[in-house]
Amino acid sequence: MFVEIVEGRTKLLVPERSLTSPREIKKSLPPVFFNPRMKLNRDVTCAVVRALLSAGEEVKFLDLLAGTGAKGLRVAKEAKAEVHLNDGSESAVELIRRNAALNSLEVGISLREANLFLLERRGRFNFIDIDPFGTPVPFIHNAVLALPPRGGYLAVTATDTAPLCGVYPKACLRKYFSIPLRGELCKEAGLRILIAGVVREAAKLRRGARVLLAHATDHYFRAFVALRSGRRRADEALAKLGYLYYCPACGRRESEASPLPSQKRCACGGSYAVAGALWLGELKDAELARRAAEEAAYLEDKRCSKLLAAIASELEVPFFYDVHHLARRLSLGELPPMREILEELHRRGYSASRTHISATGIKTDAPYEALVEVLG
Ligand SMILES: C[S@@+](CC[C@H](N)C(=O)[O-])C[C@H]1O[C@@H](n2cnc3c(N)ncnc32)[C@H](O)[C@@H]1O
Ligand SMILES: [Zn+2]
């Protein structure tokens, strides 16, 4: 029923069926949940923890919803951090024990409902990883409380991309109290809504939040956030929440940090779709992202180091332009290659970069008209 695989440098027993029929991976199916497509998520986590440790930070890592133990055990083995793994399922915990032994790892292991565990073990871990089925929201409050007030890291995965990308707006409102967006910006908006959820939860508990790294890849969103207590820090983080105004007619967009949305109209006369509240602050600490990209060099699979290097060099402006969408919308002819578009923007004195979220996306501080001129 279980097969042994190697992921990164860690041996793992995983349910055979999770490899052969990935579409069937649901809570109820194999005895313990394992998704091979989440390897990149685990690779990035190992690289980030290695980067923190190499910078002299202390990491006491909690894999709160550990499943087979894949992530926590990889962090213990490949980043050599102190790790504890928890899961509420007996069969998962049994498998975590076998997987820890398979790699001769000394880690803490517990069988506990996640929120109870967080309440009982306040202050014991300074890095809490929440890797749930769907949304991390039910665990964020207690995770924030469980981190030491002087500083800690919270990493969240969200696989509820349909609500966050606007397919189910009511579900997004229920879970995150934000209005999502459909269309080519839905992924960046979804990622920023998820972060806003963490920031608000932290602010309630008088913690400020700083994003270390965030990515939207495959079928999920992921954010690593540094939290630290302080009323002023909490207010400063909240001040980076706001709204995106997006015109489906011409592709213009504006964003504005504010607790409430404002009445705006697009310069083309069209009406804006509004999304938010969402995080309008930075999506990475560039230095940490660069160090994590270097740390990821030990992995044979180069997707992780490429992703991290791409994120490190992304321009820090909220939202990109998808040049193909723009060209279609404005009936422009054939577009120059991406490299040339970027070079031309630089020649004209603007900053511009690619985005890891879309192969045809450009982040730039150039005004809409200037970009359209370059494309046309
Ligand atoms: C998506 S899986 C974790 C996958 C794992 N992190 C990995 O990388 O392979 C979610 C896990 O959370 C556990 N779980 C769900 N709700 C829980 C709760 N309230 N308390 C404890 N464990 C829970 C499930 O048993 C499942 O193993
Ligand atoms: Zn418009």
# chains A, B, ... in the order shown; residues from 1 in each chain; ligands from 1

$ residues_near_ligand --ligand "ligand 1" --cutoff "9 Å" --atoms "only C-alpha atoms and all ligand atoms" --output "CSV table (one decimal) with N, CA and C atoms, in the first residue's frame"
chain,number,residue,atom,x,y,z
A,27,LYS,N,-9.5,14.1,0.7
A,27,LYS,CA,-9.3,13.8,2.1
A,27,LYS,C,-9.6,12.3,2.4
A,32,VAL,N,-3.4,8.3,4.1
A,32,VAL,CA,-2.8,9.5,4.5
A,32,VAL,C,-2.6,10.4,3.2
A,33,PHE,N,-2.8,11.7,3.4
A,33,PHE,CA,-2.8,12.5,2.2
A,33,PHE,C,-1.4,12.8,1.8
A,34,PHE,N,-1.1,12.7,0.5
A,34,PHE,CA,0.2,13.1,-0.1
A,34,PHE,C,0.0,13.6,-1.5
A,35,ASN,N,0.5,14.7,-1.8
A,35,ASN,CA,0.3,15.3,-3.2
A,35,ASN,C,1.7,15.5,-3.8
A,36,PRO,N,2.1,14.6,-4.7
A,36,PRO,CA,3.5,14.8,-5.3
A,36,PRO,C,3.6,16.2,-6.0
A,38,MET,N,2.9,18.9,-4.9
A,38,MET,CA,3.3,20.0,-3.9
A,38,MET,C,4.8,19.9,-3.6
A,39,LYS,N,5.6,19.2,-4.4
A,39,LYS,CA,7.0,19.1,-4.2
A,39,LYS,C,7.7,20.5,-4.2
A,41,ASN,N,6.4,23.4,-3.4
A,41,ASN,CA,6.0,24.0,-2.1
A,41,ASN,C,7.0,23.6,-1.0
A,42,ARG,N,7.3,22.3,-1.0
A,42,ARG,CA,8.2,21.7,0.0
A,42,ARG,C,9.7,22.2,-0.3
A,63,ASP,N,5.4,21.7,11.8
A,63,ASP,CA,4.6,21.3,10.6
A,63,ASP,C,3.3,20.9,11.2
A,64,LEU,N,2.4,21.9,11.3
A,64,LEU,CA,1.1,21.7,12.0
A,64,LEU,C,0.2,20.6,11.5
A,65,LEU,N,0.1,20.5,10.2
A,65,LEU,CA,-0.8,19.6,9.5
A,65,LEU,C,0.1,18.7,8.6
A,66,ALA,N,0.8,17.7,9.2
A,66,ALA,CA,2.0,17.2,8.6
A,66,ALA,C,1.7,16.1,7.5
A,67,GLY,N,0.5,15.4,7.6
A,67,GLY,CA,0.2,14.3,6.6
A,67,GLY,C,1.2,13.2,6.8
A,68,THR,N,2.0,13.0,5.7
A,68,THR,CA,3.0,11.9,5.7
A,68,THR,C,4.3,12.4,6.4
A,69,GLY,N,4.3,13.7,6.7
A,69,GLY,CA,5.5,14.3,7.3
A,69,GLY,C,6.5,14.8,6.3
A,70,ALA,N,6.0,14.8,5.0
A,70,ALA,CA,6.9,15.1,3.9
A,70,ALA,C,7.6,16.4,4.1
A,71,LYS,N,6.9,17.5,4.5
A,71,LYS,CA,7.5,18.8,4.6
A,71,LYS,C,8.4,18.9,5.8
A,72,GLY,N,7.8,18.6,6.9
A,72,GLY,CA,8.6,18.8,8.2
A,72,GLY,C,9.9,17.9,8.2
A,86,ASN,N,2.9,17.6,13.6
A,86,ASN,CA,1.6,17.2,14.2
A,86,ASN,C,0.6,16.9,13.2
A,87,ASP,N,-0.3,16.0,13.5
A,87,ASP,CA,-1.4,15.7,12.6
A,87,ASP,C,-2.6,15.1,13.5
A,88,GLY,N,-3.8,15.4,13.1
A,88,GLY,CA,-4.9,14.9,13.9
A,88,GLY,C,-5.3,13.5,13.5
A,89,SER,N,-4.7,12.9,12.5
A,89,SER,CA,-5.1,11.6,12.0
A,89,SER,C,-4.1,10.5,12.5
A,90,GLU,N,-4.6,9.4,13.1
A,90,GLU,CA,-3.7,8.4,13.7
A,90,GLU,C,-2.9,7.7,12.6
A,91,SER,N,-3.5,7.5,11.4
A,91,SER,CA,-2.7,6.8,10.4
A,91,SER,C,-1.6,7.7,9.9
A,92,ALA,N,-1.9,9.0,9.9
A,92,ALA,CA,-0.8,10.0,9.4
A,92,ALA,C,0.3,9.9,10.4
A,93,VAL,N,0.0,10.0,11.7
A,93,VAL,CA,1.1,10.0,12.7
A,93,VAL,C,1.9,8.7,12.7
A,111,LEU,N,0.0,13.7,18.0
A,111,LEU,CA,-1.4,13.4,17.4
A,111,LEU,C,-2.4,14.3,18.1
A,112,ARG,N,-2.7,15.4,17.5
A,112,ARG,CA,-3.6,16.4,18.2
A,112,ARG,C,-4.4,17.2,17.2
A,113,GLU,N,-5.5,17.6,17.6
A,113,GLU,CA,-6.3,18.5,16.8
A,113,GLU,C,-5.4,19.8,16.7
A,114,ALA,N,-5.3,20.4,15.5
A,114,ALA,CA,-4.3,21.5,15.3
A,114,ALA,C,-4.5,22.7,16.2
A,115,ASN,N,-5.8,23.2,16.3
A,115,ASN,CA,-6.0,24.4,17.2
A,115,ASN,C,-5.7,24.1,18.6
A,116,LEU,N,-6.1,22.9,19.1
A,116,LEU,CA,-5.8,22.6,20.5
A,116,LEU,C,-4.3,22.5,20.7
A,117,PHE,N,-3.6,21.9,19.7
A,117,PHE,CA,-2.1,21.8,19.8
A,117,PHE,C,-1.5,23.2,19.9
A,129,ASP,N,4.1,26.3,10.1
A,129,ASP,CA,3.7,26.1,8.7
A,129,ASP,C,2.3,25.4,8.7
A,130,ILE,N,1.4,26.1,8.0
A,130,ILE,CA,0.0,25.6,7.9
A,130,ILE,C,-0.3,25.2,6.5
A,131,ASP,N,-0.4,23.9,6.3
A,131,ASP,CA,-0.6,23.3,5.0
A,131,ASP,C,-1.9,22.5,5.0
A,132,PRO,N,-3.1,23.2,4.9
A,132,PRO,CA,-4.3,22.5,5.2
A,132,PRO,C,-5.0,22.0,3.9
A,133,PHE,N,-6.1,21.4,4.0
A,133,PHE,CA,-7.0,21.1,2.9
A,133,PHE,C,-7.8,22.4,2.7
A,134,GLY,N,-7.5,23.1,1.6
A,134,GLY,CA,-8.2,24.3,1.3
A,134,GLY,C,-7.6,25.5,1.9
A,138,PRO,N,-8.9,28.8,9.4
A,138,PRO,CA,-9.3,28.3,10.7
A,138,PRO,C,-8.2,28.2,11.7
A,139,PHE,N,-6.9,28.2,11.2
A,139,PHE,CA,-5.8,28.0,12.1
A,139,PHE,C,-4.9,29.3,12.4
A,157,THR,N,-0.3,27.9,3.3
A,157,THR,CA,-0.6,27.4,1.9
A,157,THR,C,-2.1,27.5,1.8
A,159,THR,N,-5.1,26.2,-0.9
A,159,THR,CA,-5.5,25.5,-2.2
A,159,THR,C,-6.9,25.9,-2.6

$ residues_around --residues "Leu335 (chain A)" --least-positions-apart "3" --cutoff "8 Å" --atoms "only C-alpha atoms" --output "list of chain:residue names"
A:His324, A:Ala327, A:Leu332, A:Leu375, A:Gly376

$ closest_residue --among "A:His356, A:Arg348, A:Arg253, A:Arg228" --to "ligand 2" --atoms "only C-alpha atoms and all ligand atoms"
A:Arg253

$ closest_atom_pairs --of "chain A" --to "ligand 2" --cutoff "12 Å" --atoms "only C-alpha atoms and all ligand atoms" --output "tab-separated table"
residue	atom	partner	partner_atom_place_in_ligand_line	distance
A:Tyr245	CA	ligand 2	1 (Zn)	10.0
A:Tyr246	CA	ligand 2	1 (Zn)	7.8
A:Cys247	CA	ligand 2	1 (Zn)	4.6
A:Pro248	CA	ligand 2	1 (Zn)	6.7
A:Ala249	CA	ligand 2	1 (Zn)	5.1
A:Cys250	CA	ligand 2	1 (Zn)	4.1
A:Gly251	CA	ligand 2	1 (Zn)	6.1
A:Arg252	CA	ligand 2	1 (Zn)	5.5
A:Arg253	CA	ligand 2	1 (Zn)	8.0
A:Glu254	CA	ligand 2	1 (Zn)	10.6
A:Lys264	CA	ligand 2	1 (Zn)	11.0
A:Arg265	CA	ligand 2	1 (Zn)	8.0
A:Cys266	CA	ligand 2	1 (Zn)	4.7
A:Ala267	CA	ligand 2	1 (Zn)	5.8
A:Cys268	CA	ligand 2	1 (Zn)	4.2
A:Gly269	CA	ligand 2	1 (Zn)	6.1
A:Gly270	CA	ligand 2	1 (Zn)	4.8
A:Ser271	CA	ligand 2	1 (Zn)	6.9
A:Tyr272	CA	ligand 2	1 (Zn)	7.3
A:Ala273	CA	ligand 2	1 (Zn)	10.1
A:Leu326	CA	ligand 2	1 (Zn)	11.4
A:Arg329	CA	ligand 2	1 (Zn)	10.7
A:Leu330	CA	ligand 2	1 (Zn)	10.9
A:Tyr368	CA	ligand 2	1 (Zn)	10.3
A:Glu369	CA	ligand 2	1 (Zn)	11.5

$ closest_residue --among "A:Leu194, A:Cys46, A:Leu102, A:Leu19" --to "Val83 (chain A)" --atoms "only C-alpha atoms"
A:Cys46

$ select_by_dssp --residues "region 138-263 of chain A" --states "helix (DSSP H, G or I)" --output "ChimeraX atom specification"
/A:138-146,161-164,169-176,186-204,231-238

$ write_last_selection --atoms "C-alpha atoms" --output "mmCIF file, in the first residue's frame"
data_model
loop_
_atom_site.group_PDB
_atom_site.id
_atom_site.type_symbol
_atom_site.label_atom_id
_atom_site.label_comp_id
_atom_site.auth_asym_id
_atom_site.auth_seq_id
_atom_site.Cartn_x
_atom_site.Cartn_y
_atom_site.Cartn_z
ATOM 1 C CA PRO A 138 -9.318 28.347 10.731
ATOM 2 C CA PHE A 139 -5.783 28.009 12.122
ATOM 3 C CA ILE A 140 -4.313 31.493 11.650
ATOM 4 C CA HIS A 141 -5.591 33.123 14.864
ATOM 5 C CA ASN A 142 -4.160 30.443 17.146
ATOM 6 C CA ALA A 143 -0.958 30.209 15.116
ATOM 7 C CA VAL A 144 -0.371 33.957 15.559
ATOM 8 C CA LEU A 145 -0.971 33.575 19.307
ATOM 9 C CA ALA A 146 1.350 30.565 19.459
ATOM 10 C CA THR A 161 -8.027 28.959 -5.444
ATOM 11 C CA ALA A 162 -11.601 28.927 -6.764
ATOM 12 C CA PRO A 163 -12.859 31.307 -4.029
ATOM 13 C CA LEU A 164 -9.641 33.367 -4.066
ATOM 14 C CA PRO A 169 -16.964 35.169 -4.595
ATOM 15 C CA LYS A 170 -19.318 34.454 -1.699
ATOM 16 C CA ALA A 171 -16.935 31.819 -0.340
ATOM 17 C CA CYS A 172 -14.091 34.354 -0.619
ATOM 18 C CA LEU A 173 -16.108 36.911 1.310
ATOM 19 C CA ARG A 174 -16.980 34.347 3.975
ATOM 20 C CA LYS A 175 -13.449 33.136 4.534
ATOM 21 C CA TYR A 176 -11.378 36.250 3.853
ATOM 22 C CA CYS A 186 -7.019 36.832 -10.410
ATOM 23 C CA LYS A 187 -3.954 34.937 -9.176
ATOM 24 C CA GLU A 188 -2.043 37.954 -7.922
ATOM 25 C CA ALA A 189 -5.276 39.294 -6.407
ATOM 26 C CA GLY A 190 -5.911 35.905 -4.738
ATOM 27 C CA LEU A 191 -2.393 35.796 -3.304
ATOM 28 C CA ARG A 192 -2.788 39.345 -1.982
ATOM 29 C CA ILE A 193 -6.204 38.525 -0.479
ATOM 30 C CA LEU A 194 -4.679 35.559 1.353
ATOM 31 C CA ILE A 195 -1.924 37.812 2.752
ATOM 32 C CA ALA A 196 -4.506 40.438 3.762
ATOM 33 C CA GLY A 197 -6.243 37.676 5.733
ATOM 34 C CA VAL A 198 -3.036 36.978 7.668
ATOM 35 C CA VAL A 199 -2.297 40.679 8.185
ATOM 36 C CA ARG A 200 -5.781 41.385 9.612
ATOM 37 C CA GLU A 201 -5.676 38.373 11.912
ATOM 38 C CA ALA A 202 -2.225 39.441 13.146
ATOM 39 C CA ALA A 203 -3.317 43.066 13.602
ATOM 40 C CA LYS A 204 -6.221 42.011 15.833
ATOM 41 C CA ARG A 231 0.624 48.411 18.003
ATOM 42 C CA ARG A 232 2.529 50.653 15.596
ATOM 43 C CA ARG A 233 3.759 47.685 13.549
ATOM 44 C CA ALA A 234 0.202 46.343 13.319
ATOM 45 C CA ASP A 235 -1.105 49.735 12.151
ATOM 46 C CA GLU A 236 1.679 50.027 9.574
ATOM 47 C CA ALA A 237 0.827 46.617 8.122
ATOM 48 C CA LEU A 238 -2.903 47.424 8.013
#

$ closest_atom_pairs --of "region 268-359 of chain A" --to "region 47-52 of chain A" --cutoff "9 Å" --atoms "only C-alpha atoms" --output "CSV"
residue,atom,partner,partner_atom,distance
A:Leu288,CA,A:Ala51,CA,6.7
A:Ala289,CA,A:Val48,CA,7.7
A:Arg290,CA,A:Ala51,CA,8.9
A:Arg291,CA,A:Ala51,CA,5.6
A:Ala292,CA,A:Ala47,CA,5.0
A:Ala293,CA,A:Ala47,CA,7.1
A:Glu294,CA,A:Ala47,CA,8.2
A:Glu295,CA,A:Ala47,CA,5.5
A:Ala296,CA,A:Ala47,CA,5.1
A:Ala297,CA,A:Ala47,CA,8.8
A:Cys304,CA,A:Ala47,CA,8.4
A:Ser305,CA,A:Ala47,CA,8.5

$ residues_around --residues "Ile341 (chain A)" --least-positions-apart "4" --cutoff "9 Å" --atoms "only C-alpha atoms" --output "list of chain:residue names"
A:Leu335, A:Pro336, A:Pro337, A:Leu345, A:His346, A:Ile362, A:Leu371, A:Val374, A:Leu375

$ write_last_selection --atoms "N, CA and C atoms" --output "CSV table (one decimal), in the first residue's frame"
chain,number,residue,atom,x,y,z
A,335,LEU,N,3.0,41.2,-31.2
A,335,LEU,CA,3.8,41.8,-30.2
A,335,LEU,C,5.3,41.6,-30.4
A,336,PRO,N,6.1,42.5,-30.0
A,336,PRO,CA,7.6,42.2,-29.9
A,336,PRO,C,7.8,41.2,-28.8
A,337,PRO,N,8.9,40.4,-28.9
A,337,PRO,CA,9.2,39.5,-27.8
A,337,PRO,C,9.3,40.2,-26.4
A,345,LEU,N,11.1,49.5,-22.4
A,345,LEU,CA,10.6,50.3,-21.2
A,345,LEU,C,11.8,50.8,-20.5
A,346,HIS,N,12.9,50.0,-20.3
A,346,HIS,CA,14.1,50.5,-19.6
A,346,HIS,C,14.7,51.7,-20.3
A,362,ILE,N,4.0,41.6,-17.3
A,362,ILE,CA,5.1,42.6,-17.1
A,362,ILE,C,4.7,43.5,-15.9
A,371,LEU,N,3.1,52.2,-21.8
A,371,LEU,CA,3.2,50.7,-22.1
A,371,LEU,C,2.5,50.4,-23.4
A,374,VAL,N,4.7,51.3,-26.3
A,374,VAL,CA,5.8,50.4,-26.5
A,374,VAL,C,5.2,49.1,-27.2
A,375,LEU,N,4.1,48.7,-26.8
A,375,LEU,CA,3.5,47.5,-27.4
A,375,LEU,C,3.1,47.7,-28.9

$ atom_distance --atom1 "CA of Ser258 (chain A)" --atom2 "CA of Ala277 (chain A)"
8.5 Å

$ select_by_dssp --residues "region 138-219 of chain A" --states "strand (DSSP E)" --output "VMD selection string"
chain A and resid 152 to 158 207 to 217

$ atom_distance --atom1 "CA of Phe125 (chain A)" --atom2 "CA of Pro15 (chain A)"
29.1 Å

$ residues_around --residues "Asp365 (chain A)" --least-positions-apart "2" --cutoff "7 Å" --atoms "only C-alpha atoms" --output "compact mmCIF listing (two decimals) with N, CA and C atoms, in the first residue's frame"
# COMPACT_ATOMS: atom_id res chain seq x y z
N TYR A 350 11.84 53.69 -17.59
CA TYR A 350 10.94 53.06 -16.61
C TYR A 350 11.59 51.81 -16.03
N SER A 351 11.10 51.42 -14.86
CA SER A 351 11.49 50.13 -14.31
C SER A 351 10.50 49.10 -14.82
N ALA A 352 10.98 47.90 -15.08
CA ALA A 352 10.08 46.85 -15.58
C ALA A 352 10.72 45.49 -15.35
N PRO A 367 3.33 54.41 -16.95
CA PRO A 367 1.89 54.57 -17.03
C PRO A 367 1.32 53.72 -18.17

$ atom_distance --atom1 "CA of Gly242 (chain A)" --atom2 "CA of Ala226 (chain A)"
20.0 Å

$ residues_around --residues "Val211 (chain A)" --least-positions-apart "5" --cutoff "9 Å" --atoms "only C-alpha atoms" --output "MDAnalysis selection string"
chainID A and resid 195 223:227 281:285

$ closest_residue --among "A:Arg74, A:Lys240, A:His84, A:Arg347" --to "Ala209 (chain A)" --atoms "only C-alpha atoms"
A:Lys240

$ closest_residue --among "A:Leu119, A:Glu343, A:Val156, A:Val274" --to "Glu256 (chain A)" --atoms "only C-alpha atoms"
A:Val274

$ closest_residue --among "A:Arg17, A:Tyr153, A:Leu62, A:Lys11" --to "Arg98 (chain A)" --atoms "only C-alpha atoms"
A:Lys11
